[in-house]
file start21.txt (compact mmCIF, C-alpha atoms)
# COMPACT_ATOMS: atom_id res chain seq x y z
CA MET T 1 51.81 -58.96 -37.39
CA LYS T 2 51.68 -55.68 -39.22
CA PRO T 3 53.44 -55.87 -42.63
CA LEU T 4 56.47 -53.67 -43.11
CA SER T 5 55.86 -50.52 -45.16
CA PRO T 6 57.84 -50.39 -48.42
CA GLN T 7 60.72 -48.00 -48.62
CA PRO T 8 60.35 -44.78 -50.64
CA ALA T 9 61.45 -44.82 -54.24
CA ALA T 10 65.20 -44.54 -54.70
CA ILE T 11 67.77 -44.66 -57.47
CA ALA T 12 71.47 -45.42 -57.33
CA GLN T 13 74.18 -45.07 -59.96
CA PRO T 14 77.05 -47.44 -59.09
CA THR T 15 78.64 -46.84 -62.51
CA PRO T 16 78.07 -44.05 -65.03
CA ARG T 17 76.15 -46.47 -67.27
CA GLU T 18 74.06 -48.33 -64.69
CA PHE T 19 71.01 -47.19 -62.70
CA ILE T 20 69.52 -49.35 -59.92
CA LEU T 21 65.95 -48.66 -58.83
CA SER T 22 64.48 -49.67 -55.48
CA GLY T 23 61.64 -48.97 -53.06
CA ALA T 24 58.01 -48.11 -53.75
CA TRP T 25 57.53 -46.34 -57.07
CA THR T 26 53.98 -45.36 -56.18
CA ALA T 27 52.07 -42.14 -55.56
CA LEU T 28 52.99 -42.34 -51.87
CA GLY T 29 56.62 -43.30 -52.43
CA ILE T 30 57.87 -40.98 -55.17
CA GLY T 31 57.63 -37.74 -53.23
CA ARG T 32 61.39 -37.08 -53.23
CA ILE T 33 62.53 -39.02 -56.29
CA GLN T 34 61.87 -36.38 -58.95
CA PRO T 35 64.50 -33.87 -57.64
CA ARG T 36 66.95 -36.78 -57.40
CA LEU T 37 66.31 -37.75 -61.01
CA ASP T 38 66.59 -34.14 -62.18
CA ALA T 39 69.96 -33.72 -60.43
CA MET T 40 71.40 -36.99 -61.76
CA SER T 41 74.11 -36.67 -64.41
CA THR T 42 73.45 -38.87 -67.42
CA PRO T 43 75.84 -39.71 -70.24
CA SER T 44 75.03 -39.39 -73.92
CA GLN T 45 75.50 -41.73 -76.87
CA ALA T 46 76.07 -44.69 -74.56
CA GLU T 47 74.53 -48.06 -73.74
CA LEU T 48 72.74 -47.74 -70.39
CA VAL T 49 71.12 -50.27 -68.09
CA VAL T 50 68.20 -49.50 -65.78
CA ASP T 51 67.75 -52.32 -63.26
CA GLY T 52 64.29 -52.53 -61.68
CA ALA T 53 64.81 -55.67 -59.60
CA GLY T 54 64.62 -53.70 -56.37
CA ILE T 55 61.24 -52.09 -57.06
CA GLU T 56 58.82 -53.25 -54.34
CA ALA T 57 55.64 -51.54 -55.54
CA PHE T 58 54.71 -49.85 -58.76
CA ASP T 59 51.68 -47.84 -59.85
CA THR T 60 50.76 -45.40 -62.60
CA ALA T 61 52.39 -42.43 -60.87
CA GLY T 62 55.67 -44.29 -60.50
CA ALA T 63 55.45 -45.59 -64.06
CA TRP T 64 54.93 -42.04 -65.33
CA ILE T 65 58.02 -40.78 -63.46
CA LEU T 66 60.12 -43.70 -64.67
CA GLN T 67 58.84 -43.31 -68.24
CA LYS T 68 59.87 -39.64 -68.25
CA PHE T 69 63.33 -40.60 -66.98
CA LEU T 70 63.75 -43.26 -69.67
CA ALA T 71 62.57 -40.80 -72.32
CA ARG T 72 65.13 -38.28 -71.10
CA LEU T 73 67.89 -40.87 -71.43
CA GLY T 74 66.66 -41.75 -74.91
CA ASP T 75 66.62 -38.09 -75.98
CA GLN T 76 70.35 -37.97 -75.28
CA GLU T 77 70.91 -40.60 -77.99
CA ASN T 78 71.52 -43.38 -75.48
CA VAL T 79 70.56 -47.01 -75.96
CA VAL T 80 68.55 -47.79 -72.81
CA GLN T 81 67.84 -51.30 -71.60
CA ALA T 82 65.32 -51.69 -68.77
CA ARG T 83 65.72 -55.11 -67.17
CA ASN T 84 64.64 -57.23 -64.21
CA LEU T 85 61.25 -55.53 -63.92
CA ARG T 86 58.47 -57.81 -62.75
CA PRO T 87 56.16 -58.76 -65.65
CA GLU T 88 53.21 -56.76 -64.24
CA PHE T 89 55.45 -53.73 -63.72
CA ALA T 90 56.80 -54.03 -67.26
CA ARG T 91 53.25 -54.18 -68.70
CA LEU T 92 52.20 -51.09 -66.74
CA LEU T 93 55.29 -49.24 -67.98
CA GLU T 94 54.41 -50.16 -71.57
CA VAL T 95 50.85 -48.87 -71.13
CA VAL T 96 52.08 -45.58 -69.70
CA ALA T 97 54.63 -45.23 -72.49
CA HIS T 98 51.89 -45.82 -75.08
CA VAL T 99 49.65 -43.19 -73.47
CA ALA T 100 52.56 -40.72 -73.40
CA ASP T 101 53.17 -41.31 -77.11
CA GLN T 102 49.49 -40.74 -77.90
CA ALA T 103 49.48 -37.54 -75.84
CA ASP T 104 52.47 -36.28 -77.78
CA LEU T 105 50.67 -37.03 -81.05
CA HIS T 106 47.59 -35.10 -79.95
CA THR T 107 49.41 -32.16 -78.43
CA PRO T 108 48.34 -29.00 -80.27
CA ALA T 109 50.98 -27.75 -82.63
CA THR T 110 52.74 -24.54 -81.76
CA GLY T 111 54.35 -21.76 -83.68
CA HIS T 112 53.45 -21.30 -87.31
CA SER T 113 50.87 -24.09 -87.31
CA GLN T 114 48.68 -21.99 -85.00
CA THR T 115 46.78 -20.53 -87.89
CA VAL T 116 43.68 -18.43 -87.86
CA LEU T 117 41.74 -21.28 -89.41
CA ALA T 118 42.80 -23.62 -86.59
CA HIS T 119 41.64 -21.07 -84.03
CA ILE T 120 38.31 -20.63 -85.83
CA GLY T 121 37.88 -24.40 -86.02
CA ARG T 122 38.49 -24.89 -82.31
CA SER T 123 36.13 -22.02 -81.45
CA ALA T 124 33.42 -23.48 -83.69
CA ALA T 125 33.84 -26.94 -82.16
CA ALA T 126 33.64 -25.47 -78.65
CA ALA T 127 30.53 -23.48 -79.57
CA LEU T 128 28.89 -26.57 -81.06
CA GLU T 129 29.70 -28.66 -78.00
CA GLN T 130 28.28 -25.97 -75.73
CA THR T 131 25.12 -25.67 -77.82
CA VAL T 132 24.52 -29.42 -77.66
CA ALA T 133 25.14 -29.37 -73.90
CA LEU T 134 22.70 -26.46 -73.48
CA PHE T 135 19.96 -28.33 -75.34
CA SER T 136 20.65 -31.41 -73.21
CA PHE T 137 20.34 -29.27 -70.09
CA VAL T 138 17.04 -27.80 -71.33
CA GLY T 139 15.75 -31.32 -71.99
CA ALA T 140 16.76 -32.56 -68.53
CA THR T 141 15.13 -29.50 -66.96
CA ALA T 142 11.92 -30.10 -68.93
CA ILE T 143 11.84 -33.72 -67.74
CA ALA T 144 12.35 -32.58 -64.14
CA PHE T 145 9.54 -30.03 -64.55
CA GLY T 146 7.26 -32.72 -65.99
CA GLY T 147 8.02 -34.94 -63.00
CA CYS T 148 7.11 -32.13 -60.61
CA MET T 149 3.89 -31.43 -62.52
CA ALA T 150 2.93 -35.09 -62.14
CA HIS T 151 3.76 -34.91 -58.41
CA PRO T 152 3.17 -31.29 -57.29
CA ALA T 153 4.44 -32.04 -53.79
CA ARG T 154 7.96 -32.12 -55.27
CA PHE T 155 7.84 -28.37 -56.06
CA ARG T 156 10.07 -26.48 -53.63
CA TRP T 157 7.84 -23.56 -52.75
CA ARG T 158 10.13 -22.01 -50.16
CA PRO T 159 13.05 -21.59 -52.63
CA ILE T 160 10.58 -20.30 -55.22
CA LEU T 161 9.32 -17.59 -52.88
CA PHE T 162 12.87 -16.75 -51.83
CA ASN T 163 13.91 -16.34 -55.47
CA ILE T 164 10.87 -14.18 -56.23
CA ARG T 165 11.95 -11.86 -53.45
CA SER T 166 15.65 -11.81 -54.40
CA ALA T 167 15.21 -11.60 -58.19
CA GLY T 168 12.00 -9.57 -58.22
CA PHE T 169 11.32 -7.43 -55.18
CA ASN T 170 14.97 -6.61 -54.46
CA ALA T 171 15.49 -5.55 -58.09
CA LEU T 172 12.73 -2.92 -58.03
CA PRO T 173 15.01 0.07 -57.24
CA ILE T 174 17.52 -0.49 -60.05
CA VAL T 175 14.85 -1.46 -62.60
CA GLY T 176 12.70 1.54 -61.66
CA LEU T 177 15.55 4.03 -61.77
CA LEU T 178 16.92 2.90 -65.14
CA SER T 179 13.45 2.72 -66.70
CA PHE T 180 12.66 6.21 -65.45
CA LEU T 181 15.90 7.53 -66.95
CA LEU T 182 15.24 5.68 -70.20
CA GLY T 183 11.80 7.30 -70.46
CA ILE T 184 13.43 10.70 -69.99
CA VAL T 185 16.01 9.95 -72.71
CA VAL T 186 13.40 8.78 -75.23
CA ALA T 187 11.23 11.86 -74.70
CA TYR T 188 14.23 14.21 -74.75
CA GLN T 189 15.60 12.76 -78.00
CA GLY T 190 12.23 13.14 -79.72
CA ALA T 191 11.39 16.54 -78.32
CA ASP T 192 13.49 18.54 -80.79
CA GLN T 193 11.99 16.98 -83.90
CA LEU T 194 8.42 17.09 -82.62
CA ARG T 195 8.72 20.75 -81.61
CA ARG T 196 10.07 21.64 -85.03
CA TYR T 197 6.94 20.26 -86.73
CA GLY T 198 4.54 21.46 -84.07
CA ALA T 199 3.61 17.91 -83.11
CA ASN T 200 4.37 18.14 -79.41
CA ILE T 201 1.51 15.91 -78.35
CA PHE T 202 2.89 12.98 -80.35
CA VAL T 203 5.60 12.60 -77.75
CA VAL T 204 2.97 10.51 -75.96
CA ASP T 205 2.88 8.02 -78.85
CA LEU T 206 6.68 7.97 -78.99
CA VAL T 207 7.17 7.32 -75.29
CA GLY T 208 4.21 4.99 -74.87
CA LEU T 209 4.85 2.67 -77.81
CA SER T 210 8.62 2.53 -77.44
CA MET T 211 8.57 1.89 -73.71
CA LEU T 212 5.68 -0.57 -73.58
CA ARG T 213 6.55 -2.62 -76.67
CA GLU T 214 10.36 -2.65 -76.63
CA PHE T 215 12.41 -0.71 -74.14
CA ALA T 216 10.79 -1.67 -70.84
CA PRO T 217 10.86 -5.47 -71.32
CA LEU T 218 14.31 -5.33 -72.93
CA ILE T 219 16.01 -3.12 -70.36
CA THR T 220 14.41 -5.11 -67.54
CA ALA T 221 15.66 -8.39 -69.01
CA ILE T 222 19.18 -7.01 -69.47
CA ILE T 223 19.30 -5.75 -65.88
CA ILE T 224 18.06 -9.08 -64.54
CA ALA T 225 20.55 -11.00 -66.72
CA GLY T 226 23.40 -9.01 -65.20
CA ARG T 227 22.02 -9.10 -61.68
CA SER T 228 20.20 -12.41 -61.17
CA GLY T 229 21.55 -14.55 -64.03
CA SER T 230 25.11 -13.94 -62.87
CA ALA T 231 24.09 -14.72 -59.28
CA TYR T 232 22.60 -18.05 -60.39
CA ALA T 233 25.79 -19.02 -62.22
CA ALA T 234 28.02 -17.97 -59.33
CA GLN T 235 25.91 -19.76 -56.72
CA ILE T 236 25.65 -23.06 -58.59
CA GLY T 237 29.27 -22.80 -59.77
CA THR T 238 30.51 -22.38 -56.21
CA MET T 239 28.43 -25.34 -55.08
CA SER T 240 29.88 -27.38 -57.94
CA VAL T 241 33.46 -26.45 -57.02
CA THR T 242 32.90 -27.32 -53.35
CA GLU T 243 31.26 -30.63 -54.39
CA GLU T 244 27.95 -29.74 -52.70
CA ILE T 245 26.08 -30.79 -55.84
CA ASP T 246 27.78 -34.20 -55.77
CA ALA T 247 26.76 -34.51 -52.13
CA MET T 248 23.15 -33.77 -53.09
CA ARG T 249 23.19 -36.55 -55.67
CA THR T 250 24.70 -38.90 -53.09
CA LEU T 251 21.86 -38.09 -50.69
CA GLY T 252 19.26 -38.68 -53.42
CA ILE T 253 18.37 -34.99 -53.88
CA ALA T 254 17.84 -33.97 -57.51
CA PRO T 255 19.87 -30.74 -58.10
CA LEU T 256 17.59 -29.71 -60.97
CA GLU T 257 14.51 -29.80 -58.72
CA LEU T 258 16.21 -28.04 -55.83
CA LEU T 259 18.40 -25.48 -57.64
CA VAL T 260 17.12 -24.93 -61.18
CA LEU T 261 13.33 -25.22 -61.22
CA PRO T 262 12.75 -22.77 -58.32
CA LYS T 263 14.88 -20.17 -60.09
CA ILE T 264 13.14 -20.59 -63.43
CA ILE T 265 9.63 -20.53 -61.95
CA ALA T 266 10.42 -17.55 -59.74
CA LEU T 267 11.92 -15.54 -62.59
CA VAL T 268 9.05 -16.38 -64.96
CA ILE T 269 6.72 -14.91 -62.31
CA ALA T 270 8.90 -11.96 -61.31
CA LEU T 271 10.07 -10.64 -64.69
CA PRO T 272 6.59 -9.79 -66.10
CA LEU T 273 5.81 -7.94 -62.85
CA LEU T 274 9.10 -6.07 -63.09
CA THR T 275 8.25 -5.20 -66.69
CA VAL T 276 4.95 -3.67 -65.58
CA PHE T 277 6.85 -1.63 -63.00
CA ALA T 278 9.35 -0.56 -65.68
CA ASP T 279 6.46 0.46 -67.98
CA VAL T 280 5.02 2.73 -65.31
CA LEU T 281 8.33 4.35 -64.36
CA GLY T 282 9.42 4.73 -68.00
CA VAL T 283 6.20 6.45 -69.03
CA PHE T 284 6.40 8.63 -65.92
CA GLY T 285 9.91 9.72 -66.90
CA GLY T 286 8.60 10.53 -70.38
CA MET T 287 5.76 12.57 -68.88
CA ILE T 288 8.15 14.69 -66.86
CA MET T 289 10.38 15.37 -69.86
CA ALA T 290 7.36 16.07 -72.11
CA ARG T 291 6.16 18.70 -69.66
CA ALA T 292 9.61 20.24 -69.25
CA GLN T 293 10.58 20.34 -72.95
CA LEU T 294 7.28 20.44 -74.86
CA GLY T 295 4.81 21.89 -72.37
CA VAL T 296 2.56 18.81 -72.46
CA GLU T 297 0.73 18.73 -69.12
CA PHE T 298 0.23 15.51 -67.19
CA GLY T 299 -3.54 15.44 -67.75
CA GLU T 300 -3.11 16.07 -71.46
CA PHE T 301 -0.43 13.37 -71.61
CA LEU T 302 -2.60 10.74 -69.89
CA GLN T 303 -5.62 11.62 -72.02
CA ARG T 304 -3.64 11.15 -75.21
CA PHE T 305 -2.00 8.02 -73.78
CA ALA T 306 -5.38 6.34 -73.17
CA LYS T 307 -6.49 7.09 -76.75
CA SER T 308 -3.34 6.28 -78.71
CA ILE T 309 -1.79 3.33 -76.87
CA SER T 310 -3.74 0.11 -77.31
CA ILE T 311 -3.85 -2.74 -74.87
CA THR T 312 -2.17 -4.84 -77.59
CA ALA T 313 1.03 -2.80 -77.37
CA TYR T 314 1.03 -3.31 -73.62
CA MET T 315 0.46 -7.06 -73.88
CA VAL T 316 3.14 -7.45 -76.55
CA GLY T 317 5.76 -6.17 -74.13
CA ILE T 318 4.48 -8.20 -71.19
CA GLY T 319 4.24 -11.33 -73.34
CA LYS T 320 7.96 -11.29 -74.06
CA ALA T 321 8.95 -11.21 -70.41
CA PRO T 322 8.35 -14.92 -69.53
CA ALA T 323 10.46 -16.00 -72.53
CA PHE T 324 13.25 -13.64 -71.51
CA ALA T 325 13.01 -14.94 -67.93
CA ALA T 326 13.34 -18.57 -69.04
CA ILE T 327 16.38 -17.73 -71.17
CA ILE T 328 18.14 -15.88 -68.34
CA ALA T 329 17.46 -18.52 -65.69
CA VAL T 330 18.35 -21.50 -67.90
CA VAL T 331 21.60 -19.96 -69.17
CA GLY T 332 22.66 -18.86 -65.68
CA CYS T 333 22.03 -22.30 -64.16
CA PHE T 334 23.59 -24.07 -67.16
CA GLN T 335 26.83 -22.12 -66.89
CA GLY T 336 26.88 -22.74 -63.15
CA PHE T 337 26.73 -26.50 -63.68
CA ARG T 338 29.61 -26.31 -66.19
CA THR T 339 31.95 -24.83 -63.59
CA LYS T 340 35.00 -26.98 -62.99
CA GLY T 341 38.20 -26.34 -61.08
CA GLY T 342 38.48 -23.37 -58.74
CA ALA T 343 37.41 -19.79 -58.17
CA ASP T 344 38.70 -18.62 -61.55
CA SER T 345 36.29 -21.02 -63.26
CA VAL T 346 33.39 -19.56 -61.27
CA GLY T 347 34.24 -16.08 -62.52
CA ARG T 348 34.68 -17.29 -66.10
CA GLN T 349 31.33 -19.10 -66.18
CA THR T 350 29.57 -16.17 -64.54
CA THR T 351 30.85 -13.84 -67.24
CA ARG T 352 29.74 -16.28 -69.92
CA SER T 353 26.27 -16.52 -68.41
CA VAL T 354 25.80 -12.75 -68.56
CA VAL T 355 27.13 -12.43 -72.12
CA GLN T 356 25.11 -15.37 -73.45
CA SER T 357 21.93 -14.33 -71.62
CA ILE T 358 22.00 -10.81 -73.04
CA PHE T 359 22.87 -12.10 -76.50
CA LEU T 360 20.02 -14.63 -76.51
CA VAL T 361 17.54 -12.12 -75.08
CA ILE T 362 18.30 -9.67 -77.90
CA VAL T 363 18.05 -12.48 -80.48
CA ALA T 364 14.70 -13.53 -79.00
CA ASP T 365 13.50 -9.91 -79.05
CA ALA T 366 14.39 -9.65 -82.74
CA LEU T 367 12.52 -12.88 -83.48
CA PHE T 368 9.49 -11.57 -81.56
CA SER T 369 9.56 -8.37 -83.61
CA ILE T 370 9.65 -10.33 -86.87
CA ALA T 371 6.85 -12.63 -85.74
CA PHE T 372 4.64 -9.79 -84.52
CA SER T 373 5.24 -7.89 -87.75
CA ALA T 374 4.28 -10.96 -89.81
CA LEU T 375 1.13 -11.38 -87.72
CA GLY T 376 0.24 -7.69 -88.05
CA ILE T 377 0.37 -7.07 -84.31

call {"tool": "encode", "arguments": {"input": "start21.txt", "output": "structure tokens"}}
result
Amino acid sequence: MKPLSPQPAAIAQPTPREFILSGAWTALGIGRIQPRLDAMSTPSQAELVVDGAGIEAFDTAGAWILQKFLARLGDQENVVQARNLRPEFARLLEVVAHVADQADLHTPATGHSQTVLAHIGRSAAAALEQTVALFSFVGATAIAFGGCMAHPARFRWRPILFNIRSAGFNALPIVGLLSFLLGIVVAYQGADQLRRYGANIFVVDLVGLSMLREFAPLITAIIIAGRSGSAYAAQIGTMSVTEEIDAMRTLGIAPLELLVLPKIIALVIALPLLTVFADVLGVFGGMIMARAQLGVEFGEFLQRFAKSISITAYMVGIGKAPAFAAIIAVVGCFQGFRTKGGADSVGRQTTRSVVQSIFLVIVADALFSIAFSALGI
């Protein structure tokens, strides 16, 4: 015989100072009780009795609702006596009341206590927590990469090739256009000064060194951080929100091997190639501006370029690209995995991935410059 379902939670007030509870005070039974409690008139400065003898079932949700009601009665300076609750229900109510008290103690202060120092402290704690989490993510990714190196069959070559196409080949137009324009800007800005001193030919040194050593790898990394890094964060963040990543773990698929490693490997391959492309287009833009503003012909430009620009300057720029690629891919994937909640969280983490990627790329570029200067390169 099928057992009878408990009645929904209910409350009656036979006298102004007595409340009788009945039914199932559970997550399934309290659907309509909160409006009833809110509408109930309660006296103040009185001795009240809450009788729980009629409660058939009781869980944390019901205890939370009842605790709030008792607290409301207490706030009106009443003396409240809860009686006839089963022992297990009474213990659960005590636990919930204790948790509510602790939550009140840890609730952030408002008003004047919201000082600048408190804000700085919370921001510093959040930054420290995120830094520790990022290093943990890097460590887990390194372990996953080591596992794939030990068993090469675990590398996902199809996603790697797909990411090379999406992050590399598809980015050629925007990288080429911006590098070309940057080459024009560099040559144009230097043209006035060089013409004044009759040193027109040195525009080749200006364009060649600046583009190959600094501007081409940096502008390429910034474009890819905004284009591909944000896409990584959004993709993984959306999968996290829709619980696809949890499903992967349930099926025994390692998300780091399927989602993170292909992106990192693909970007480490693609970004140096994009940097070479940016070098060519940037120098070409400088050539056009040098001819237009300073009368330096293409043949003269290339002849001077071959003599004055060493292979070291070229390799310095290319050598930075894999480090920039690793930073962008790791930060994008890391922020994607930290997505929680809904669509607004995806947007927030995507923005963070772009900001942090660009910041760390510029920091890394500054460290490279210091290191190369110390080494005399």

call {"tool": "closest_atom_pairs", "arguments": {"input": "start21.txt", "of": "stretch 242-282 of chain T", "to": "stretch 139-151 of chain T", "cutoff": "8 Å", "atoms": "only C-alpha atoms", "output": "tab-separated table"}}
result
residue	atom	partner	partner_atom	distance
T:Leu256	CA	T:Thr141	CA	6.5
T:Glu257	CA	T:Ala144	CA	6.5
T:Val260	CA	T:Thr141	CA	7.6
T:Leu261	CA	T:Phe145	CA	7.0

call {"tool": "atom_distance", "arguments": {"input": "start21.txt", "atom1": "atom CA of T:Phe305", "atom2": "atom CA of T:Val185"}}
result
18.1 Å

call {"tool": "atom_distance", "arguments": {"input": "start21.txt", "atom1": "atom CA of T:Asp51", "atom2": "atom CA of T:Ala100"}}
result
21.6 Å

call {"tool": "atom_distance", "arguments": {"input": "start21.txt", "atom1": "atom CA of T:Ile164", "atom2": "atom CA of T:Ala270"}}
result
5.9 Å

call {"tool": "closest_residue", "arguments": {"input": "start21.txt", "among": "T:Val268, T:Met239, T:Ile223, T:Ala290", "to": "T:Phe202", "atoms": "only C-alpha atoms"}}
result
T:Ala290

call {"tool": "closest_residue", "arguments": {"input": "start21.txt", "among": "T:Asp192, T:Glu18, T:Asp365, T:Glu47", "to": "T:Val79", "atoms": "only C-alpha atoms"}}
result
T:Glu47

call {"tool": "residues_near_point", "arguments": {"input": "start21.txt", "point": "(55.7, -46.8, -70.0)", "cutoff": "7 Å", "atoms": "only C-alpha atoms", "output": "VMD selection string"}}
result
chain T and resid 63 to 64 67 92 to 98

call {"tool": "closest_residue", "arguments": {"input": "start21.txt", "among": "T:Val138, T:Ala266, T:Pro173, T:Gln349", "to": "T:Ala325", "atoms": "only C-alpha atoms"}}
result
T:Ala266

call {"tool": "closest_residue", "arguments": {"input": "start21.txt", "among": "T:Ile288, T:Val132, T:Ile358, T:Ala127", "to": "T:Ile327", "atoms": "only C-alpha atoms"}}
result
T:Ile358

call {"tool": "closest_residue", "arguments": {"input": "start21.txt", "among": "T:Glu214, T:Val241, T:Leu281, T:Ile253", "to": "T:Ala366", "atoms": "all atoms listed in the file"}}
result
T:Glu214

call {"tool": "closest_residue", "arguments": {"input": "start21.txt", "among": "T:Ile120, T:Val316, T:Met211, T:Ala53", "to": "T:Leu181", "atoms": "only C-alpha atoms"}}
result
T:Met211

call {"tool": "decode", "arguments": {"input": "start21.txt", "residues": "stretch 74-81 of chain T", "atoms": "all heavy atoms", "output": "short mmCIF file (atom, residue, chain, number, x, y, z; two decimals), in the first residue's frame"}}
result
data_model
loop_
_atom_site.label_atom_id
_atom_site.label_comp_id
_atom_site.auth_asym_id
_atom_site.auth_seq_id
_atom_site.Cartn_x
_atom_site.Cartn_y
_atom_site.Cartn_z
N GLY T 74 11.01 37.24 17.97
CA GLY T 74 11.93 37.70 18.99
C GLY T 74 12.31 39.16 18.81
O GLY T 74 12.51 39.90 19.79
N ASP T 75 12.42 39.60 17.54
CA ASP T 75 12.79 41.00 17.29
C ASP T 75 11.72 41.97 17.79
O ASP T 75 11.98 43.17 17.97
CB ASP T 75 13.02 41.22 15.79
CG ASP T 75 14.27 40.51 15.31
OD1 ASP T 75 15.12 40.18 16.17
OD2 ASP T 75 14.39 40.27 14.09
N GLN T 76 10.50 41.46 17.96
CA GLN T 76 9.41 42.32 18.44
C GLN T 76 9.30 42.26 19.97
O GLN T 76 8.21 42.53 20.52
CB GLN T 76 8.09 41.90 17.78
CG GLN T 76 8.10 42.14 16.28
CD GLN T 76 6.88 41.56 15.58
OE1 GLN T 76 6.25 40.64 16.10
NE2 GLN T 76 6.55 42.10 14.43
N GLU T 77 10.40 41.88 20.60
CA GLU T 77 10.50 41.87 22.07
C GLU T 77 9.50 40.90 22.71
O GLU T 77 8.97 41.14 23.79
CB GLU T 77 10.32 43.28 22.65
CG GLU T 77 11.37 44.26 22.13
CD GLU T 77 11.20 45.64 22.72
OE1 GLU T 77 10.32 45.82 23.57
OE2 GLU T 77 11.96 46.54 22.34
N ASN T 78 9.20 39.82 22.01
CA ASN T 78 8.35 38.77 22.56
C ASN T 78 9.21 37.72 23.25
O ASN T 78 10.39 37.53 22.90
CB ASN T 78 7.54 38.10 21.45
CG ASN T 78 6.53 39.07 20.82
OD1 ASN T 78 5.72 39.68 21.53
ND2 ASN T 78 6.61 39.24 19.51
N VAL T 79 8.61 37.01 24.18
CA VAL T 79 9.24 35.82 24.76
C VAL T 79 8.61 34.62 24.08
O VAL T 79 7.41 34.36 24.25
CB VAL T 79 9.01 35.77 26.29
CG1 VAL T 79 9.62 34.50 26.85
CG2 VAL T 79 9.60 37.01 26.95
N VAL T 80 9.40 33.91 23.25
CA VAL T 80 8.87 32.85 22.40
C VAL T 80 9.26 31.50 22.97
O VAL T 80 10.42 31.24 23.28
CB VAL T 80 9.40 32.99 20.96
CG1 VAL T 80 8.77 31.93 20.06
CG2 VAL T 80 9.13 34.38 20.42
N GLN T 81 8.29 30.63 23.09
CA GLN T 81 8.53 29.27 23.57
C GLN T 81 8.11 28.29 22.48
O GLN T 81 6.93 28.19 22.15
CB GLN T 81 7.75 29.01 24.87
CG GLN T 81 7.95 27.61 25.41
CD GLN T 81 7.09 27.32 26.60
OE1 GLN T 81 6.29 28.16 27.05
NE2 GLN T 81 7.20 26.12 27.16
#
